[in-house]
$ cat query.cif   # mmCIF, C-alpha atoms
data_protein
#
loop_
_atom_site.label_atom_id
_atom_site.label_comp_id
_atom_site.auth_asym_id
_atom_site.auth_seq_id
_atom_site.Cartn_x
_atom_site.Cartn_y
_atom_site.Cartn_z
CA MET A 1 7.74 -37.56 -22.63
CA ASN A 2 8.31 -34.75 -20.15
CA LYS A 3 9.93 -36.21 -17.03
CA LEU A 4 7.57 -34.20 -14.86
CA HIS A 5 4.70 -36.33 -16.15
CA LEU A 6 6.28 -39.28 -14.33
CA ILE A 7 5.30 -37.53 -11.09
CA TYR A 8 1.69 -37.54 -12.29
CA ILE A 9 1.84 -41.21 -13.25
CA PHE A 10 3.50 -42.09 -9.95
CA GLY A 11 0.87 -40.12 -8.03
CA LEU A 12 -1.90 -41.83 -9.95
CA ILE A 13 -0.48 -45.24 -9.03
CA ILE A 14 -0.31 -44.31 -5.33
CA ILE A 15 -3.89 -42.96 -5.40
CA SER A 16 -5.07 -46.12 -7.16
CA ILE A 17 -3.47 -48.32 -4.48
CA ILE A 18 -5.02 -46.24 -1.67
CA SER A 19 -8.40 -46.25 -3.41
CA ALA A 20 -8.26 -50.02 -3.83
CA ILE A 21 -7.41 -50.53 -0.16
CA ILE A 22 -10.25 -48.21 0.93
CA LEU A 23 -12.76 -49.91 -1.38
CA VAL A 24 -11.80 -53.35 -0.09
CA LEU A 25 -11.37 -52.60 3.62
CA GLN A 26 -13.85 -49.69 4.00
CA PRO A 27 -11.97 -48.37 7.05
CA HIS A 28 -13.89 -46.87 9.95
CA GLY A 29 -12.34 -43.78 11.62
CA PHE A 30 -11.66 -43.79 15.33
CA PRO A 31 -13.80 -41.58 17.61
CA ILE A 32 -12.54 -38.50 19.42
CA PRO A 33 -15.32 -38.18 22.02
CA ASN A 34 -14.13 -34.80 23.27
CA LEU A 35 -14.81 -33.30 19.87
CA SER A 36 -18.30 -34.71 19.40
CA GLY A 37 -19.92 -31.59 20.84
CA THR A 38 -17.18 -29.06 20.12
CA PHE A 39 -15.99 -29.96 16.64
CA PHE A 40 -17.22 -26.60 15.34
CA LEU A 41 -15.08 -24.71 17.87
CA PHE A 42 -12.15 -26.97 17.02
CA GLY A 43 -12.61 -26.25 13.32
CA LEU A 44 -13.00 -22.53 13.84
CA GLY A 45 -9.96 -22.34 16.11
CA LEU A 46 -7.90 -24.41 13.69
CA ASN A 47 -8.93 -22.43 10.58
CA THR A 48 -8.37 -19.12 12.31
CA SER A 49 -4.99 -20.13 13.73
CA ILE A 50 -3.80 -21.35 10.34
CA LEU A 51 -4.94 -18.14 8.67
CA LEU A 52 -3.32 -15.98 11.34
CA TRP A 53 -0.07 -17.92 11.05
CA SER A 54 -0.26 -17.62 7.27
CA ILE A 55 -0.65 -13.84 7.49
CA ALA A 56 2.10 -13.59 10.11
CA GLY A 57 4.36 -15.89 8.08
CA TYR A 58 3.79 -14.03 4.84
CA LEU A 59 4.44 -10.64 6.43
CA LEU A 60 7.59 -12.02 8.05
CA PHE A 61 8.68 -13.42 4.69
CA ARG A 62 8.11 -10.03 3.02
CA TRP A 63 9.97 -8.26 5.82
CA LEU A 64 12.98 -10.50 5.24
CA LYS A 65 12.72 -10.20 1.45
CA THR A 66 12.65 -6.41 1.64
CA ASP A 67 15.90 -6.23 3.60
CA LYS A 68 14.16 -5.81 6.99
CA LYS A 69 13.56 -2.17 6.19
CA ASN A 70 9.77 -2.07 6.46
CA ASP A 71 9.10 -2.06 10.22
CA SER A 72 5.35 -2.19 9.67
CA LEU A 73 5.63 -5.65 8.15
CA ILE A 74 7.40 -7.11 11.16
CA ALA A 75 5.13 -5.27 13.61
CA TRP A 76 2.05 -6.68 11.90
CA SER A 77 3.60 -10.14 11.56
CA LEU A 78 4.31 -10.34 15.29
CA SER A 79 0.87 -8.93 16.10
CA PHE A 80 -0.95 -11.57 14.07
CA PHE A 81 1.25 -14.31 15.46
CA ILE A 82 0.71 -13.30 19.09
CA TYR A 83 -3.01 -12.85 18.47
CA SER A 84 -3.26 -16.51 17.40
CA LEU A 85 -2.87 -17.60 21.04
CA THR A 86 -6.57 -16.89 21.59
CA PHE A 87 -7.50 -19.33 18.85
CA VAL A 88 -4.96 -21.97 19.79
CA ALA A 89 -6.72 -21.90 23.16
CA HIS A 90 -10.02 -22.57 21.37
CA ILE A 91 -8.52 -25.67 19.78
CA PHE A 92 -7.38 -27.07 23.11
CA ARG A 93 -10.61 -26.01 24.80
CA ALA A 94 -12.54 -27.91 22.11
CA LEU A 95 -10.35 -30.94 22.79
CA GLY A 96 -11.51 -30.83 26.38
CA TYR A 97 -8.58 -29.22 28.17
CA ASP A 98 -10.21 -27.12 30.90
CA ALA A 99 -7.06 -25.09 31.51
CA TRP A 100 -7.46 -23.64 27.99
CA ASN A 101 -11.06 -22.54 28.52
CA GLU A 102 -11.03 -18.73 28.56
CA ASN A 103 -14.45 -18.65 30.19
CA SER A 104 -13.42 -20.73 33.23
CA SER A 105 -12.46 -17.65 35.22
CA VAL A 106 -11.39 -14.05 34.82
CA PHE A 107 -7.79 -15.22 35.12
CA HIS A 108 -8.21 -17.68 32.26
CA PHE A 109 -9.88 -14.99 30.21
CA PHE A 110 -6.99 -12.61 30.85
CA ALA A 111 -4.44 -15.32 30.05
CA PHE A 112 -5.88 -15.98 26.58
CA ARG A 113 -7.18 -12.55 25.64
CA TRP A 114 -4.38 -10.11 26.55
CA VAL A 115 -2.97 -10.85 23.13
CA MET A 116 -5.82 -8.82 21.66
CA ILE A 117 -4.33 -5.73 23.29
CA ILE A 118 -0.96 -6.51 21.74
CA TRP A 119 -2.59 -7.09 18.34
CA ALA A 120 -4.41 -3.75 18.50
CA ALA A 121 -1.28 -1.87 19.59
CA GLY A 122 0.97 -3.64 17.08
CA ILE A 123 -1.40 -3.12 14.18
CA PHE A 124 -1.76 0.55 15.04
CA TYR A 125 1.99 0.93 15.51
CA GLY A 126 2.61 -0.53 12.05
CA MET A 127 0.17 1.88 10.46
CA LEU A 128 1.52 4.92 12.32
CA LYS A 129 5.07 3.92 11.39
CA ILE A 130 4.05 4.33 7.74
CA LEU A 131 2.28 7.62 8.28
CA THR A 132 4.85 9.44 10.39
CA ASP A 133 8.58 9.50 11.01
CA ASP A 134 8.09 11.24 14.32
CA LYS A 135 8.99 8.69 16.97
CA ARG A 136 6.63 10.26 19.50
CA LEU A 137 3.72 10.16 17.10
CA TYR A 138 3.97 6.45 16.45
CA LEU A 139 5.15 5.30 19.86
CA ILE A 140 2.88 7.29 22.18
CA PRO A 141 -0.47 6.15 20.67
CA SER A 142 0.72 2.53 20.48
CA VAL A 143 1.91 2.54 24.09
CA ALA A 144 -1.31 4.32 25.08
CA ILE A 145 -3.33 1.47 23.54
CA ILE A 146 -1.34 -1.04 25.57
CA ILE A 147 -1.82 0.97 28.78
CA ILE A 148 -5.52 1.68 28.22
CA GLY A 149 -6.12 -1.88 27.00
CA PHE A 150 -4.55 -3.43 30.07
CA LEU A 151 -6.30 -0.83 32.24
CA TRP A 152 -9.66 -1.91 30.79
CA PHE A 153 -8.76 -5.55 31.36
CA PHE A 154 -7.65 -4.99 34.95
CA LEU A 155 -10.56 -2.73 35.80
CA GLY A 156 -13.16 -4.89 34.08
CA LEU A 157 -11.89 -8.28 35.18
CA PHE A 158 -10.41 -7.68 38.61
CA ILE A 159 -11.40 -4.34 40.12
CA ILE A 160 -14.86 -3.04 39.16
CA PRO A 161 -17.47 -5.31 40.74
CA SER A 162 -19.76 -6.71 38.08
CA GLU A 163 -22.11 -9.66 37.65
CA ASN A 164 -20.24 -10.66 34.52
CA PRO A 165 -16.74 -9.14 34.47
CA ILE A 166 -15.76 -10.84 31.21
CA GLU A 167 -18.77 -9.36 29.43
CA PHE A 168 -18.06 -5.92 30.91
CA THR A 169 -14.42 -6.06 29.82
CA MET A 170 -15.32 -7.13 26.30
CA TYR A 171 -17.79 -4.27 25.91
CA LEU A 172 -15.17 -1.78 27.08
CA PHE A 173 -12.29 -3.11 25.04
CA LEU A 174 -14.10 -3.88 21.80
CA PHE A 175 -15.99 -0.65 21.46
CA THR A 176 -13.30 1.77 22.61
CA ILE A 177 -10.15 0.23 21.15
CA TRP A 178 -10.62 -2.77 18.88
CA ILE A 179 -13.35 -1.55 16.56
CA PRO A 180 -11.96 1.98 16.01
CA ILE A 181 -8.55 0.49 15.17
CA CYS A 182 -10.03 -1.97 12.68
CA PHE A 183 -11.93 0.87 11.04
CA THR A 184 -8.80 3.02 10.89
CA MET A 185 -6.89 0.20 9.22
CA ALA A 186 -9.73 -0.37 6.75
CA TYR A 187 -9.88 3.33 5.89
CA ILE A 188 -6.14 3.91 5.44
CA PHE A 189 -5.73 0.86 3.22
CA PHE A 190 -8.81 1.84 1.21
CA TYR A 191 -7.50 5.40 0.83
CA TYR A 192 -4.16 4.12 -0.40
CA GLY A 193 -5.74 1.60 -2.78
CA TYR A 194 -8.25 4.12 -4.12
CA ASN A 195 -5.62 6.75 -4.85
CA THR A 196 -3.15 4.36 -6.46
CA ARG A 197 -5.80 2.29 -8.28
CA GLN A 198 -4.38 -0.81 -6.60
CA SER A 199 -6.57 -3.77 -5.67
CA GLY A 200 -4.38 -5.24 -2.91
CA PRO A 201 -4.89 -2.47 -0.33
CA LYS A 202 -8.62 -2.40 -1.11
CA VAL A 203 -8.86 -6.14 -0.47
CA ILE A 204 -6.97 -5.70 2.83
CA SER A 205 -9.39 -2.88 3.67
CA LEU A 206 -12.34 -5.18 3.01
CA GLY A 207 -10.80 -7.78 5.32
CA PHE A 208 -10.41 -5.33 8.19
CA LEU A 209 -13.94 -4.05 7.63
CA ILE A 210 -15.43 -7.55 7.82
CA LEU A 211 -13.24 -8.30 10.83
CA MET A 212 -14.58 -5.17 12.52
CA VAL A 213 -18.22 -5.98 11.71
CA SER A 214 -17.82 -9.56 12.93
CA TYR A 215 -16.43 -8.35 16.26
CA MET A 216 -19.26 -5.82 16.58
CA GLN A 217 -21.67 -8.76 16.42
CA TRP A 218 -20.32 -10.10 19.67
CA ALA A 219 -22.47 -7.54 21.52
CA PRO A 220 -25.96 -8.66 20.47
CA TRP A 221 -25.22 -12.38 20.04
CA HIS A 222 -23.04 -13.37 22.99
CA PHE A 223 -25.98 -14.04 25.33
CA SER A 224 -26.47 -17.71 26.11
CA ASP A 225 -29.86 -18.04 24.36
CA VAL A 226 -28.50 -16.73 21.03
CA ILE A 227 -24.84 -17.64 21.28
CA TYR A 228 -25.13 -20.12 18.39
CA ILE A 229 -25.57 -17.07 16.13
CA TYR A 230 -22.39 -15.61 17.58
CA PHE A 231 -20.60 -18.70 16.26
CA ILE A 232 -21.85 -17.91 12.77
CA TRP A 233 -20.18 -14.54 13.14
CA TYR A 234 -17.06 -16.36 14.29
CA PHE A 235 -17.11 -18.17 10.93
CA ILE A 236 -17.36 -14.81 9.19
CA PHE A 237 -14.53 -13.43 11.30
CA SER A 238 -12.39 -16.38 10.24
CA LEU A 239 -13.31 -15.65 6.64
CA SER A 240 -12.27 -11.99 7.03
CA LEU A 241 -8.66 -13.09 7.44
CA VAL A 242 -8.63 -14.45 3.88
CA PRO A 243 -8.89 -11.02 2.17
CA ILE A 244 -6.27 -9.67 4.56
CA LEU A 245 -3.83 -12.39 3.53
CA LEU A 246 -4.81 -12.20 -0.13
CA GLY A 247 -4.58 -8.39 -0.11
CA PHE A 248 -1.02 -8.42 1.18
CA VAL A 249 -0.03 -10.93 -1.52
CA ILE A 250 -1.69 -8.85 -4.26
CA MET A 251 -0.11 -5.70 -2.85
CA THR A 252 3.35 -7.25 -3.18
CA LEU A 253 2.70 -8.10 -6.82
CA GLU A 254 1.22 -4.71 -7.60
CA GLU A 255 4.06 -2.81 -5.94
CA GLN A 256 6.54 -4.78 -8.03
CA MET B 1 6.88 18.31 -10.08
CA GLN B 2 8.89 20.85 -12.04
CA LEU B 3 8.96 21.82 -15.67
CA VAL B 4 12.15 22.86 -17.42
CA PHE B 5 12.28 24.30 -20.94
CA THR B 6 15.67 24.16 -22.59
CA PHE B 7 16.97 24.98 -26.06
CA PHE B 8 20.17 24.71 -28.03
CA ASP B 9 21.73 28.15 -28.26
CA GLN B 10 23.80 28.03 -31.41
CA ARG B 11 26.56 30.15 -29.89
CA MET B 12 26.57 29.04 -26.24
CA GLY B 13 25.31 25.47 -26.49
CA PRO B 14 22.37 24.03 -24.48
CA ALA B 15 20.66 26.57 -22.19
CA VAL B 16 17.73 26.75 -19.81
CA LEU B 17 15.02 29.24 -20.77
CA PHE B 18 12.33 28.53 -18.15
CA VAL B 19 12.01 26.57 -14.91
CA PHE B 20 8.64 26.30 -13.14
CA PRO B 21 7.57 26.67 -10.43
CA LYS B 22 10.99 27.49 -8.87
CA GLU B 23 14.70 27.20 -9.51
CA ILE B 24 16.04 23.73 -9.92
CA GLU B 25 19.26 22.36 -8.45
CA GLU B 26 22.31 23.27 -10.51
CA SER B 27 23.41 19.63 -10.82
CA ILE B 28 20.01 18.54 -12.15
CA GLN B 29 19.95 21.48 -14.54
CA LYS B 30 23.36 20.50 -15.88
CA LYS B 31 22.21 16.92 -16.37
CA ILE B 32 19.17 18.05 -18.33
CA LEU B 33 21.38 20.14 -20.60
CA THR B 34 23.54 17.11 -21.37
CA PHE B 35 20.48 15.33 -22.78
CA PHE B 36 20.96 17.43 -25.91
CA ASP B 37 24.14 15.48 -26.55
CA PHE B 38 22.38 12.12 -26.59
CA GLU B 39 22.47 10.57 -29.98
CA ILE B 40 19.10 8.92 -29.83
CA SER B 41 16.39 8.94 -32.41
CA GLU B 42 13.60 9.10 -29.80
CA THR B 43 11.99 12.46 -29.22
CA PHE B 44 10.20 11.31 -26.05
CA PHE B 45 12.33 9.68 -23.38
CA GLU B 46 12.69 9.29 -19.62
CA ILE B 47 15.85 9.42 -17.57
CA VAL B 48 15.91 8.10 -14.01
CA LEU B 49 18.53 9.61 -11.72
CA ILE B 50 18.93 6.86 -9.13
CA ASP B 51 21.00 8.83 -6.61
CA GLU B 52 18.79 11.92 -6.74
CA LYS B 53 15.66 9.71 -6.76
CA LEU B 54 14.29 11.71 -9.64
CA LYS B 55 12.76 10.93 -12.98
CA ILE B 56 13.02 13.37 -15.86
CA THR B 57 10.52 12.93 -18.66
CA ASN B 58 11.57 14.73 -21.82
CA LEU B 59 10.12 15.71 -25.17
CA TYR B 60 12.64 16.93 -27.71
CA PHE B 61 11.38 18.76 -30.78
CA GLU B 62 12.35 21.40 -33.28
CA LEU B 63 10.95 24.84 -34.05
CA PRO B 64 11.24 26.33 -37.53
CA SER B 65 13.48 29.40 -37.29
CA GLU B 66 14.57 32.10 -39.67
CA TRP B 67 17.43 33.04 -37.35
CA ALA B 68 19.01 29.64 -36.88
CA ARG B 69 21.51 27.89 -39.05
CA GLY B 70 19.78 24.92 -40.60
CA GLY B 71 16.41 26.64 -40.36
CA HIS B 72 15.35 25.24 -37.00
CA GLU B 73 15.93 25.56 -33.25
CA SER B 74 16.25 22.47 -31.05
CA VAL B 75 14.16 22.66 -27.88
CA MET B 76 13.16 20.30 -25.10
CA ILE B 77 10.46 20.21 -22.44
CA SER B 78 11.52 18.26 -19.34
CA VAL B 79 9.30 17.36 -16.38
CA VAL B 80 11.11 16.48 -13.16
CA THR B 81 9.26 14.18 -10.75
CA ASP B 82 9.97 11.66 -7.99
CA LYS B 83 11.70 8.55 -9.29
CA ASP B 84 8.62 6.37 -8.85
CA PHE B 85 6.09 8.83 -10.17
CA LYS B 86 3.86 7.68 -12.98
CA PHE B 87 0.36 8.38 -14.14
CA LEU B 88 -1.59 5.26 -13.40
CA LYS B 89 -4.81 5.44 -15.29
CA LYS B 90 -3.27 6.79 -18.47
CA GLY B 91 0.25 5.56 -19.07
CA GLU B 92 0.65 7.85 -22.05
CA PHE B 93 -0.70 10.93 -20.32
CA PHE B 94 2.73 12.55 -20.04
CA HIS B 95 3.46 11.92 -23.69
CA GLU B 96 0.09 13.20 -24.88
CA THR B 97 0.25 16.35 -22.76
CA LEU B 98 3.80 17.19 -23.76
CA LYS B 99 3.03 16.54 -27.42
CA GLU B 100 -0.02 18.82 -27.27
CA THR B 101 2.11 21.46 -25.55
CA ALA B 102 4.74 21.17 -28.30
CA GLU B 103 2.04 21.61 -30.93
CA SER B 104 0.70 24.69 -29.12
CA ILE B 105 4.22 26.14 -28.97
CA LYS B 106 4.76 25.49 -32.67
CA SER B 107 1.51 27.27 -33.45
CA ILE B 108 2.82 30.57 -32.01
CA LYS B 109 3.89 32.74 -34.91
CA SER B 110 7.67 33.34 -34.94
CA VAL B 111 8.00 31.46 -31.65
CA TYR B 112 11.73 30.93 -32.28
CA LYS B 113 12.22 34.59 -31.35
CA ALA B 114 11.10 33.76 -27.80
CA LEU B 115 14.34 31.83 -27.30
CA HIS B 116 16.46 34.94 -27.82
CA ILE B 117 15.19 37.03 -24.92
CA ASP B 118 18.68 37.18 -23.40
CA ASP B 119 20.50 37.57 -26.69
CA GLY B 120 21.62 41.21 -26.93
CA SER B 121 21.88 41.10 -30.71
CA CYS B 122 18.29 39.92 -31.23
CA ASN B 123 16.19 40.93 -28.26
CA GLN B 124 15.34 44.34 -29.66
CA ASP B 125 13.07 42.63 -32.15
CA PRO B 126 9.48 43.65 -31.22
CA GLU B 127 8.27 40.02 -31.41
CA VAL B 128 10.77 38.63 -28.88
CA LYS B 129 8.95 39.65 -25.70
CA PRO B 130 5.39 38.78 -26.81
CA THR B 131 6.44 35.38 -28.14
CA ASN B 132 8.43 34.74 -24.96
CA ALA B 133 5.36 35.59 -22.84
CA ALA B 134 3.15 33.36 -25.01
CA LEU B 135 5.62 30.48 -24.70
CA LYS B 136 5.81 30.96 -20.94
CA SER B 137 2.02 30.91 -20.66
CA ILE B 138 1.76 27.63 -22.61
CA LEU B 139 4.41 25.99 -20.43
CA VAL B 140 2.73 27.14 -17.21
CA ASP B 141 -0.56 25.71 -18.49
CA CYS B 142 1.19 22.44 -19.33
CA LEU B 143 2.57 22.13 -15.81
CA GLU B 144 -0.83 22.96 -14.34
CA ILE B 145 -2.50 20.22 -16.42
CA LEU B 146 0.09 17.66 -15.31
CA LYS B 147 -0.16 18.71 -11.66
CA ARG B 148 -3.96 18.71 -11.71
CA GLU B 149 -4.01 15.22 -13.17
CA ALA B 150 -1.49 14.03 -10.58
CA LEU B 151 -3.59 15.53 -7.81
CA MET B 152 -6.70 13.78 -9.14
CA GLU B 153 -4.89 10.46 -9.18
CA TYR B 154 -3.06 10.72 -5.90
CA GLY B 155 -5.30 12.89 -3.73
CA ASP B 156 -3.12 15.02 -1.55
CA GLY B 157 -0.45 12.40 -2.12
CA ARG B 158 1.00 12.43 1.37
CA ILE B 159 -0.32 9.08 2.52
CA VAL B 160 0.43 7.51 -0.85
CA LYS B 161 3.98 8.82 -0.77
CA LYS B 162 4.49 7.40 2.69
CA PHE B 163 3.36 3.96 1.53
CA LYS B 164 5.37 4.23 -1.66
CA ARG B 165 8.68 4.90 0.04
CA LEU B 166 8.48 1.44 1.63
CA LYS B 167 9.00 -1.91 0.02
CA TRP B 168 6.10 -4.34 0.30
#
$ encode --input "query.cif" --output "structure tokens"
Amino acid sequence: MNKLHLIYIFGLIIISIISAIILVLQPHGFPIPNLSGTFFLFGLGLNTSILLWSIAGYLLFRWLKTDKKNDSLIAWSLSFFIYSLTFVAHIFRALGYDAWNENSSVFHFFAFRWVMIIWAAGIFYGMLKILTDDKRLYLIPSVAIIIIGFLWFFLGLFIIPSENPIEFTMYLFLFTIWIPICFTMAYIFFYYGYNTRQSGPKVISLGFLILMVSYMQWAPWHFSDVIYIYFIWYFIFSLSLVPILLGFVIMTLEEQ
Amino acid sequence: MQLVFTFFDQRMGPAVLFVFPKEIEESIQKKILTFFDFEISETFFEIVLIDEKLKITNLYFELPSEWARGGHESVMISVVTDKDFKFLKKGEFFHETLKETAESIKSIKSVYKALHIDDGSCNQDPEVKPTNAALKSILVDCLEILKREALMEYGDGRIVKKFKRLKW
């Protein structure tokens, strides 16, 4: 008999023991009261964080495997990793930690959302680094995104008087920076995939497109009476990260 | 993408007859000429020059000749591309196109005379220039077909090239 089958037999024995214990004792899980009303936010934050870390980890792994020569991989890896802070905050917010609630104040919002500016700049930098060798052409737009992004945040949150500064900032940032960058990423990857008949870049393109559409939905659904629908779009956003991860994996295989 | 047509001159050894669309580096040209010395039975083969980052796809064939010892001239069509270049939707596209081109060349009456355009002892023959022009026309068409197909597959190719130079 193949020795590997012993692992199966051993696993089956362990599962049988656990099953027997559960059937006899019928254990009752302990409550986590803080999550009773926010379990969906906890789940969304957890899923999204894990997916973002998976993308960041995979891109980092590929960067190391390809002799650290592809700067785009490391730029995107860091961008996705930094971006995850927003969703880690959702996890802690769902657990009841007020300090992690981005909606508590404009300062809290800034603390957990500035990473979106870094993501946008990093993602764009990575793409430009592929498209041009001219240092000015890939650095200036990326730095401009950081400057304009922070400018929007400062103006929207702290300077321009508004009834709802967070809402105002989100409108500005999403529709002038975030969405055009997502579309650019979707287009470039689609163009590359279409011309090389590769599936990986097309799958990545689909991911960025869904990500863009899900963020666009923030505008009509963020109002308090319909915000539950916004959370459905949050689920879809989370889902959009799957094709991005999958696309990069397929792309590696196809390039080989 | 460049096309090089070479032949085995029975007095001088391997020689280049045509290069399209422009002159090719001397070192690459010399390497192509050495392919005639390969003792391989394959008529269609690819050579990758790692340092130059080039791939040379070759079709070797023979033309019946009344002027050559042995009754035939040895010729070769070589297509020089980037190292990583390949037709994606039709893997055999290169082979098919080069084979069709070879057949078209063979169909030119007395085409062997085209090879002797620079040979002072033969180039007064009235068929040398017309056959040389006909051969040139077929080779230009061949290059155009290959380039058109590449353009269809890769678009303008610039973005693809930029992705392709990186490891993923």
$ interface_residues --input "query.cif" --of "chain A" --to "chain B" --cutoff "10 Å" --atoms "all atoms listed in the file" --output "VMD selection string"
chain A and resid 59 62 to 63 65 to 73 127 129 to 133 188 to 189 191 to 198 248 to 249 251 to 256
$ resolve_selection --input "query.cif" --expression "the PyMOL selection byres ((chain A and resi 44) around 9)" --output "mmCIF file with C-alpha atoms, keeping the file's coordinate frame"
data_model
loop_
_atom_site.group_PDB
_atom_site.id
_atom_site.type_symbol
_atom_site.label_atom_id
_atom_site.label_comp_id
_atom_site.auth_asym_id
_atom_site.auth_seq_id
_atom_site.Cartn_x
_atom_site.Cartn_y
_atom_site.Cartn_z
ATOM 1 C CA PHE A 39 -15.990 -29.960 16.640
ATOM 2 C CA PHE A 40 -17.220 -26.600 15.340
ATOM 3 C CA LEU A 41 -15.080 -24.710 17.870
ATOM 4 C CA PHE A 42 -12.150 -26.970 17.020
ATOM 5 C CA GLY A 43 -12.610 -26.250 13.320
ATOM 6 C CA GLY A 45 -9.960 -22.340 16.110
ATOM 7 C CA LEU A 46 -7.900 -24.410 13.690
ATOM 8 C CA ASN A 47 -8.930 -22.430 10.580
ATOM 9 C CA THR A 48 -8.370 -19.120 12.310
ATOM 10 C CA SER A 49 -4.990 -20.130 13.730
ATOM 11 C CA PHE A 87 -7.500 -19.330 18.850
ATOM 12 C CA HIS A 90 -10.020 -22.570 21.370
ATOM 13 C CA ILE A 91 -8.520 -25.670 19.780
ATOM 14 C CA PHE A 231 -20.600 -18.700 16.260
ATOM 15 C CA TYR A 234 -17.060 -16.360 14.290
ATOM 16 C CA PHE A 235 -17.110 -18.170 10.930
ATOM 17 C CA SER A 238 -12.390 -16.380 10.240
#
$ resolve_selection --input "query.cif" --expression "the PyMOL selection byres ((chain B and resi 126) around 12)" --output "number ranges by chain"
B: 110, 113-114, 116-117, 122-125, 127-132
$ atom_distance --input "query.cif" --atom1 "CA of Ala144 in chain A" --atom2 "CA of Ile181 in chain A"
12.9 Å
$ closest_residue --input "query.cif" --among "B:Glu73, B:Leu98, B:Glu144, B:Trp67" --to "Gly13 in chain B" --atoms "all atoms listed in the file"
B:Glu73
$ residues_near_point --input "query.cif" --point "(-10.0, -10.2, 19.0)" --cutoff "8 Å" --atoms "only C-alpha atoms" --output "list in words"
Tyr83, Thr86, Arg113, Met116, Trp178 and Tyr215 of chain A
$ residues_around --input "query.cif" --residues "Pro243 in chain A" --least-positions-apart "3" --cutoff "8 Å" --atoms "all atoms listed in the file" --output "list in words"
Val203, Ile204, Leu206, Gly207, Leu239, Ser240, Leu246 and Gly247 of chain A
$ residues_around --input "query.cif" --residues "range 156-158 of chain A" --least-positions-apart "3" --cutoff "10 Å" --atoms "all atoms listed in the file" --output "list in words"
Ser105, Val106, Phe107, Phe109, Phe110, Phe150, Leu151, Trp152, Phe153, Pro161, Ser162, Asn164, Pro165, Ile166, Glu167, Phe168, Thr169, Met170, Tyr171, Leu172 and Phe173 of chain A
$ closest_residue --input "query.cif" --among "B:Asp82, B:Phe20, B:Phe7, B:Gly71" --to "Ser137 in chain B" --atoms "only C-alpha atoms"
B:Phe20
$ residues_around --input "query.cif" --residues "Phe190 in chain A" --least-positions-apart "3" --cutoff "7 Å" --atoms "all atoms listed in the file" --output "NGL selection string"
:A and (186-187 or 193-194 or 201-202 or 205)
$ residues_around --input "query.cif" --residues "range 83-85 of chain B" --least-positions-apart "4" --cutoff "6 Å" --atoms "only C-alpha atoms" --output "list in words"
Lys53, Leu54 and Lys55 of chain B
$ axis_aligned_box --input "query.cif" --around "range 27-44 of chain B" --padding-each-side "6 Å" --output "lines of an AutoDock Vina configuration file"
center_x = 17.2
center_y = 15.2
center_z = -21.6
size_x = 25.9
size_y = 24.6
size_z = 33.6
$ decode --input "query.cif" --residues "range 16-52 of chain B" --atoms "C-alpha atoms" --output "PDB file, in the first residue's frame"
ATOM      1  CA  VAL B  16      23.473  36.157 -48.841  1.00  0.00           C
ATOM      2  CA  LEU B  17      21.345  37.065 -51.859  1.00  0.00           C
ATOM      3  CA  PHE B  18      18.597  39.190 -50.283  1.00  0.00           C
ATOM      4  CA  VAL B  19      17.890  40.845 -46.937  1.00  0.00           C
ATOM      5  CA  PHE B  20      14.557  42.593 -46.304  1.00  0.00           C
ATOM      6  CA  PRO B  21      13.619  45.174 -45.269  1.00  0.00           C
ATOM      7  CA  LYS B  22      17.142  46.478 -44.472  1.00  0.00           C
ATOM      8  CA  GLU B  23      20.702  45.318 -43.961  1.00  0.00           C
ATOM      9  CA  ILE B  24      21.269  42.917 -41.153  1.00  0.00           C
ATOM     10  CA  GLU B  25      24.135  42.977 -38.664  1.00  0.00           C
ATOM     11  CA  GLU B  26      27.294  41.385 -40.036  1.00  0.00           C
ATOM     12  CA  SER B  27      27.591  39.007 -37.070  1.00  0.00           C
ATOM     13  CA  ILE B  28      24.023  37.740 -37.511  1.00  0.00           C
ATOM     14  CA  GLN B  29      24.568  37.369 -41.240  1.00  0.00           C
ATOM     15  CA  LYS B  30      27.683  35.290 -40.614  1.00  0.00           C
ATOM     16  CA  LYS B  31      25.789  33.082 -38.185  1.00  0.00           C
ATOM     17  CA  ILE B  32      23.042  32.454 -40.716  1.00  0.00           C
ATOM     18  CA  LEU B  33      25.622  31.434 -43.300  1.00  0.00           C
ATOM     19  CA  THR B  34      27.085  28.876 -40.908  1.00  0.00           C
ATOM     20  CA  PHE B  35      23.703  27.124 -40.782  1.00  0.00           C
ATOM     21  CA  PHE B  36      24.589  25.611 -44.151  1.00  0.00           C
ATOM     22  CA  ASP B  37      27.281  23.615 -42.380  1.00  0.00           C
ATOM     23  CA  PHE B  38      24.845  21.977 -39.982  1.00  0.00           C
ATOM     24  CA  GLU B  39      24.571  18.311 -40.611  1.00  0.00           C
ATOM     25  CA  ILE B  40      20.926  17.955 -39.764  1.00  0.00           C
ATOM     26  CA  SER B  41      18.261  16.174 -41.694  1.00  0.00           C
ATOM     27  CA  GLU B  42      15.596  18.773 -40.832  1.00  0.00           C
ATOM     28  CA  THR B  43      14.740  21.290 -43.516  1.00  0.00           C
ATOM     29  CA  PHE B  44      12.776  23.516 -41.116  1.00  0.00           C
ATOM     30  CA  PHE B  45      14.533  24.577 -37.931  1.00  0.00           C
ATOM     31  CA  GLU B  46      14.833  27.431 -35.452  1.00  0.00           C
ATOM     32  CA  ILE B  47      17.971  28.798 -33.866  1.00  0.00           C
ATOM     33  CA  VAL B  48      17.781  31.021 -30.784  1.00  0.00           C
ATOM     34  CA  LEU B  49      20.686  33.409 -30.278  1.00  0.00           C
ATOM     35  CA  ILE B  50      20.515  34.004 -26.538  1.00  0.00           C
ATOM     36  CA  ASP B  51      22.972  36.906 -26.366  1.00  0.00           C
ATOM     37  CA  GLU B  52      21.474  38.763 -29.317  1.00  0.00           C
TER      38      GLU B  52
END
